[in-house]
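Source file work-v3.cif; content: mmCIF, C-alpha atoms and all ligand atoms.
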data_final
#
loop_
_atom_site.label_atom_id
_atom_site.label_comp_id
_atom_site.auth_asym_id
_atom_site.auth_seq_id
_atom_site.Cartn_x
_atom_site.Cartn_y
_atom_site.Cartn_z
CA MET A 7 120.45 98.23 185.48
CA GLU A 8 119.06 94.76 184.77
CA THR A 9 116.62 94.53 187.66
CA GLU A 10 114.57 97.53 186.55
CA PRO A 11 113.12 96.11 183.33
CA ARG A 12 112.58 92.64 184.88
CA ARG A 13 110.41 94.08 187.63
CA THR A 14 108.46 96.11 185.13
CA ARG A 15 107.89 92.95 183.05
CA GLY A 16 106.71 91.08 186.13
CA MET A 17 104.21 93.75 186.94
CA GLY A 18 103.06 93.74 183.36
CA ILE A 19 102.27 90.02 183.48
CA ALA A 20 100.44 90.37 186.79
CA SER A 21 98.24 93.15 185.51
CA LEU A 22 97.60 91.28 182.24
CA SER A 23 96.37 88.20 184.07
CA ALA A 24 94.11 90.35 186.25
CA ALA A 25 92.69 91.87 183.09
CA GLY A 26 92.22 88.36 181.69
CA ASP A 27 90.22 87.32 184.77
CA ALA A 28 88.01 90.35 184.42
CA ARG A 29 87.48 89.60 180.72
CA ARG A 30 86.52 85.98 181.50
CA ARG A 31 84.01 87.21 184.07
CA VAL A 32 82.48 89.59 181.53
CA LEU A 33 82.26 86.83 178.90
CA PHE A 34 80.67 84.46 181.38
CA GLY A 35 78.12 87.11 182.32
CA LEU A 36 77.34 87.75 178.64
CA ALA A 37 76.87 84.04 177.95
CA ALA A 38 74.48 83.75 180.90
CA LEU A 39 72.54 86.76 179.61
CA LEU A 40 72.37 85.54 176.02
CA SER A 41 71.57 81.87 176.57
CA PRO A 42 67.83 82.35 177.21
CA LEU A 43 67.65 84.60 174.13
CA CYS A 44 69.29 82.14 171.72
CA GLY A 45 67.11 79.31 172.96
CA CYS A 46 70.04 77.02 173.78
CA GLY A 47 67.92 75.12 176.28
CA ARG A 48 65.02 74.52 173.90
CA LYS A 49 64.48 71.49 171.68
CA ARG A 50 66.21 71.50 168.31
CA GLU A 51 62.95 71.13 166.34
CA SER A 52 61.71 74.54 167.42
CA GLU A 53 64.79 76.38 166.11
CA PRO A 54 64.03 78.33 162.95
CA LYS A 55 65.96 76.92 160.00
CA VAL A 56 67.30 78.84 157.04
CA ILE A 57 67.60 76.76 153.88
CA ASP A 58 69.33 77.84 150.67
CA LEU A 59 67.92 76.24 147.52
CA TYR A 60 69.28 76.56 144.00
CA VAL A 61 67.43 75.87 140.76
CA ALA A 62 68.23 76.80 137.17
CA SER A 63 66.83 76.43 133.70
CA ASP A 64 68.22 73.33 131.98
CA GLY A 65 70.42 75.38 129.67
CA ASP A 66 68.30 76.41 126.68
CA PHE A 67 65.75 73.65 127.27
CA LEU A 68 62.37 74.63 128.65
CA ALA A 69 62.83 72.70 131.88
CA PHE A 70 63.93 73.24 135.47
CA LYS A 71 67.12 71.63 136.70
CA PRO A 72 66.56 70.12 139.19
CA ASP A 73 62.82 69.54 138.82
CA GLU A 74 62.58 68.38 142.44
CA LEU A 75 63.59 70.29 145.56
CA THR A 76 63.22 69.51 149.26
CA CYS A 77 62.96 71.63 152.40
CA PRO A 78 61.49 71.27 155.91
CA ALA A 79 58.15 72.87 156.82
CA GLY A 80 58.41 76.26 158.49
CA ALA A 81 61.97 76.86 157.29
CA THR A 82 62.99 80.20 155.89
CA VAL A 83 63.86 79.33 152.30
CA ARG A 84 66.23 81.50 150.30
CA LEU A 85 65.80 80.29 146.74
CA THR A 86 68.02 81.37 143.87
CA PHE A 87 66.92 80.81 140.29
CA HIS A 88 69.48 81.05 137.50
CA HIS A 89 68.66 81.45 133.81
CA ALA A 90 71.26 79.12 132.30
CA GLY A 91 70.28 79.77 128.69
CA ARG A 92 72.99 80.63 126.15
CA ILE A 93 70.79 81.28 123.12
CA LEU A 94 67.26 81.58 124.46
CA THR A 95 66.54 85.17 125.48
CA THR A 96 62.98 84.54 126.72
CA ARG A 97 62.76 85.31 130.41
CA HIS A 98 61.98 82.69 133.06
CA ASN A 99 60.89 82.76 136.67
CA TRP A 100 60.17 80.33 139.49
CA ILE A 101 56.68 80.29 140.97
CA LEU A 102 55.55 78.06 143.83
CA THR A 103 51.88 77.17 144.09
CA TYR A 104 49.45 74.72 145.71
CA PRO A 105 48.79 71.22 144.31
CA ASP A 106 45.11 72.01 143.74
CA LYS A 107 45.81 75.45 142.23
CA VAL A 108 48.50 74.68 139.64
CA GLU A 109 46.05 73.94 136.85
CA ALA A 110 44.20 77.23 137.20
CA LEU A 111 47.48 79.14 137.64
CA THR A 112 48.94 77.55 134.50
CA LYS A 113 45.87 78.63 132.50
CA GLU A 114 46.04 82.15 133.90
CA ALA A 115 49.76 82.38 133.05
CA GLU A 116 49.11 81.22 129.48
CA ASP A 117 46.23 83.65 129.01
CA ASP A 118 48.26 86.60 130.34
CA ASP A 119 51.60 85.91 128.57
CA GLY A 120 53.27 84.89 131.82
CA ILE A 121 52.44 88.07 133.68
CA LEU A 122 50.71 87.25 136.97
CA PRO A 123 49.35 89.90 139.36
CA LYS A 124 51.52 90.59 142.41
CA ASP A 125 48.79 89.59 144.86
CA GLU A 126 47.77 86.40 143.01
CA PRO A 127 46.39 84.27 145.89
CA ARG A 128 47.39 80.97 144.22
CA VAL A 129 51.06 81.94 144.44
CA ILE A 130 53.03 80.98 147.56
CA ALA A 131 56.31 82.49 146.39
CA ALA A 132 57.65 83.90 143.12
CA THR A 133 60.92 85.26 141.82
CA PRO A 134 60.89 88.18 139.40
CA LEU A 135 61.31 87.35 135.70
CA CYS A 136 64.96 86.61 134.98
CA ASP A 137 67.03 87.46 131.90
CA LYS A 138 69.45 85.07 130.21
CA GLY A 139 72.60 84.52 132.25
CA MET A 140 71.17 86.26 135.32
CA SER A 141 70.02 85.04 138.74
CA VAL A 142 67.06 86.13 140.85
CA MET A 143 66.11 85.35 144.43
CA VAL A 144 63.02 84.92 146.55
CA GLN A 145 62.72 84.32 150.29
CA PHE A 146 59.67 82.66 151.84
CA VAL A 147 58.56 80.51 154.74
CA ALA A 148 58.07 76.88 153.71
CA PRO A 149 54.38 75.85 153.86
CA PRO A 150 53.08 72.81 155.81
CA PRO A 151 54.38 69.37 154.73
CA GLY A 152 53.31 68.27 151.26
CA ASP A 153 54.31 68.34 147.58
CA TYR A 154 54.00 71.80 146.05
CA PRO A 155 54.30 72.33 142.29
CA TYR A 156 56.49 75.04 140.83
CA ILE A 157 56.25 76.51 137.35
CA CYS A 158 57.76 79.19 135.14
CA SER A 159 54.95 81.57 134.23
CA THR A 160 56.28 82.14 130.71
CA HIS A 161 56.47 78.37 130.02
CA PRO A 162 53.95 76.97 132.52
CA GLU A 163 53.28 73.75 130.58
CA ASP A 164 56.94 72.82 130.08
CA MET A 165 58.87 74.24 133.00
CA THR A 166 57.49 72.44 136.01
CA GLY A 167 58.82 70.81 139.17
CA VAL A 168 57.89 69.81 142.70
CA LEU A 169 59.02 71.15 146.07
CA HIS A 170 58.81 68.39 148.67
CA VAL A 171 58.13 69.98 152.05
CA THR A 172 59.01 67.56 154.83
CA LYS A 173 57.99 67.57 158.52
CU CU A 201 60.37 79.90 131.35
#
So that I can check it, write out the structure of this file as C-alpha cells.
Ligand SMILES: [Cu+2]
Amino acid sequence: METEPRRTRGMGIASLSAAGDARRRVLFGLAALLSPLCGCGRKRESEPKVIDLYVASDGDFLAFKPDELTCPAGATVRLTFHHAGRILTTRHNWILTYPDKVEALTKEAEDDDGILPKDEPRVIAATPLCDKGMSVMVQFVAPPPGDYPYICSTHPEDMTGVLHVTK
C-alpha cells in the first residue's frame, strides 16, 4: 500500500521539472524577443526619463516653495502643484515660460486677471488653476538645457521661480 503513493509522487516531481524546463525556455525566448524593444543594448543617455517634480505655494504667502526646480532636458516631467494655503482662497497655478518671454507673459497675466489663452505661445507648460488645499498636475517634455522661469498667472509678480534644465 505504501509503494503506490511514492511512485505517484516521483512521477509528479519528474513532470514538474519538465514543466519547469519548458517554462525557462519560454522565458528565455521572451527575453530575447523583448531585449531589442526595451533598448537594453543602447546607451543610457538615450533612454527616455520620467521625472516627478513637486511644488507648492508657501502656505498663505504669495510664493512658490521651492522656487527652484531641476530636471534633465528631454525628460518627461510630471509636475504636481499643491495649493498649501489655509486662509487664502485665491487660486494659483504653475506656468512655465521662456526666459525672454516672462516679462510679456507677466504683463498679459496682470491685464487679463490671470486668465491666459490655452494656446498662448509663450507658455511651455501650465497646470489648471488650483483651489486652496487641492493639487493639480501637468505633464510635459523638458525643453533644451537652460533656466526657464515659472510664474503663477494670478500673482505673476510675486509667485515666481526657475526650472533649471540640465543636459
Ligand atoms: Cu498665485
Exercise for the section: Find the distance between CA of Pro72 in chain A and CA of Ile130 in chain A and write it in Å to one decimal. Expected result: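 Result for CA of Pro72 in chain A versus CA of Ile130 in chain A: 19.3 Å, one decimal.
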Phe70 in chain A surroundings by only C-alpha atoms, 9 Å radius, close-in-sequence under 2 positions cut, as an mmCIF file with C-alpha atoms, in the coordinates of the input:
data_model
loop_
_atom_site.group_PDB
_atom_site.id
_atom_site.type_symbol
_atom_site.label_atom_id
_atom_site.label_comp_id
_atom_site.auth_asym_id
_atom_site.auth_seq_id
_atom_site.Cartn_x
_atom_site.Cartn_y
_atom_site.Cartn_z
ATOM 1 C CA VAL A 61 67.430 75.870 140.760
ATOM 2 C CA ALA A 62 68.230 76.800 137.170
ATOM 3 C CA SER A 63 66.830 76.430 133.700
ATOM 4 C CA ASP A 64 68.220 73.330 131.980
ATOM 5 C CA GLY A 65 70.420 75.380 129.670
ATOM 6 C CA PHE A 67 65.750 73.650 127.270
ATOM 7 C CA LEU A 68 62.370 74.630 128.650
ATOM 8 C CA PRO A 72 66.560 70.120 139.190
ATOM 9 C CA ASP A 73 62.820 69.540 138.820
ATOM 10 C CA GLU A 74 62.580 68.380 142.440
ATOM 11 C CA TRP A 100 60.170 80.330 139.490
ATOM 12 C CA ILE A 157 56.250 76.510 137.350
ATOM 13 C CA CYS A 158 57.760 79.190 135.140
ATOM 14 C CA ASP A 164 56.940 72.820 130.080
ATOM 15 C CA MET A 165 58.870 74.240 133.000
ATOM 16 C CA THR A 166 57.490 72.440 136.010
ATOM 17 C CA GLY A 167 58.820 70.810 139.170
#
Counting all atoms listed in the file, which residues of chain A fall within 12 Å of ligand CU 201 (chain A), and what is the closest atom pair for each with its distance in Å at one decimal, ordered by chain and rising number, as a Markdown table?
| residue | atom | partner | partner_atom | distance |
| --- | --- | --- | --- | --- |
| A:Ala62 | CA | A:CU201 | CU | 10.3 |
| A:Ser63 | CA | A:CU201 | CU | 7.7 |
| A:Asp64 | CA | A:CU201 | CU | 10.3 |
| A:Gly65 | CA | A:CU201 | CU | 11.1 |
| A:Asp66 | CA | A:CU201 | CU | 9.8 |
| A:Phe67 | CA | A:CU201 | CU | 9.2 |
| A:Leu68 | CA | A:CU201 | CU | 6.3 |
| A:Ala69 | CA | A:CU201 | CU | 7.6 |
| A:Phe70 | CA | A:CU201 | CU | 8.6 |
| A:Lys71 | CA | A:CU201 | CU | 11.9 |
| A:Phe87 | CA | A:CU201 | CU | 11.1 |
| A:His88 | CA | A:CU201 | CU | 11.1 |
| A:His89 | CA | A:CU201 | CU | 8.8 |
| A:Ala90 | CA | A:CU201 | CU | 11.0 |
| A:Gly91 | CA | A:CU201 | CU | 10.3 |
| A:Leu94 | CA | A:CU201 | CU | 9.9 |
| A:Thr95 | CA | A:CU201 | CU | 10.0 |
| A:Thr96 | CA | A:CU201 | CU | 7.1 |
| A:Arg97 | CA | A:CU201 | CU | 6.0 |
| A:His98 | CA | A:CU201 | CU | 3.6 |
| A:Asn99 | CA | A:CU201 | CU | 6.1 |
| A:Trp100 | CA | A:CU201 | CU | 8.2 |
| A:Ile101 | CA | A:CU201 | CU | 10.3 |
| A:Ala115 | CA | A:CU201 | CU | 11.0 |
| A:Glu116 | CA | A:CU201 | CU | 11.5 |
| A:Asp119 | CA | A:CU201 | CU | 11.0 |
| A:Gly120 | CA | A:CU201 | CU | 8.7 |
| A:Ile121 | CA | A:CU201 | CU | 11.6 |
| A:Thr133 | CA | A:CU201 | CU | 11.8 |
| A:Pro134 | CA | A:CU201 | CU | 11.6 |
| A:Leu135 | CA | A:CU201 | CU | 8.7 |
| A:Cys136 | CA | A:CU201 | CU | 8.9 |
| A:Asp137 | CA | A:CU201 | CU | 10.1 |
| A:Lys138 | CA | A:CU201 | CU | 10.5 |
| A:Tyr156 | CA | A:CU201 | CU | 11.3 |
| A:Ile157 | CA | A:CU201 | CU | 8.0 |
| A:Cys158 | CA | A:CU201 | CU | 4.7 |
| A:Ser159 | CA | A:CU201 | CU | 6.4 |
| A:Thr160 | CA | A:CU201 | CU | 4.7 |
| A:His161 | CA | A:CU201 | CU | 4.4 |
| A:Pro162 | CA | A:CU201 | CU | 7.2 |
| A:Glu163 | CA | A:CU201 | CU | 9.4 |
| A:Asp164 | CA | A:CU201 | CU | 8.0 |
| A:Met165 | CA | A:CU201 | CU | 6.1 |
| A:Thr166 | CA | A:CU201 | CU | 9.3 |
Please indicate the distance in Å from CA of Leu85 in chain A to CA of Ala132 in chain A, rounded to one decimal place.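 That distance, rounded to one decimal, is 9.6 Å.
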message = Nearest residue to Leu122 in chain A out of A:Tyr154, A:Thr86, A:Ile57, A:Ala110, using only C-alpha atoms?
response =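 Closest candidate: A:Ala110.
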Between A:Val108, A:Ile93, A:Met143, A:Val56, smallest distance to Ala79 in chain A by all atoms listed in the file belongs to A:Val56
ask   = Between A:Leu169, A:Val142, A:Val129, A:Arg84, which has the minimum distance to Glu114 in chain A (counting only C-alpha atoms)?
value =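 Ranked by minimum distance to Glu114 in chain A, first place goes to A:Val129.
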Restricting to only C-alpha atoms, whichever of A:Lys55, A:Leu102, A:Arg128, A:Asp153 is closest to Pro78 in chain A is A:Lys55
Please enclose the listed atoms of range 137-152 of chain A in an axis-aligned box, pad each side by 3 Å, and write out the centre and the three edge lengths in Å, rounded to one decimal, as lines of an AutoDock Vina configuration file.
center_x = 62.8
center_y = 77.9
center_z = 143.0
size_x = 25.5
size_y = 25.2
size_z = 31.6
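From CA of Thr112 in chain A back to CA of Tyr60 in chain A, the distance works out to 22.5 Å.
When all atoms listed in the file are used to measure the gap to Cys77 in chain A, the shortest distance among A:Asp58, A:Asp106, A:Val144, A:Asp118 belongs to A:Asp58.
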List as a list of chain:residue names: which residues have an atom within 8 Å of (52.3, 73.2, 154.9), counting only C-alpha atoms?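 Collected hits near the coordinates: A:Ala79, A:Gly80, A:Ala148, A:Pro149, A:Pro150, A:Pro151, A:Gly152, A:Val171.
Comparing A:Pro54, A:Arg92, A:Leu59, A:Thr76 by their smallest distance to Met140 in chain A, the closest is A:Arg92 (using all atoms listed in the file).
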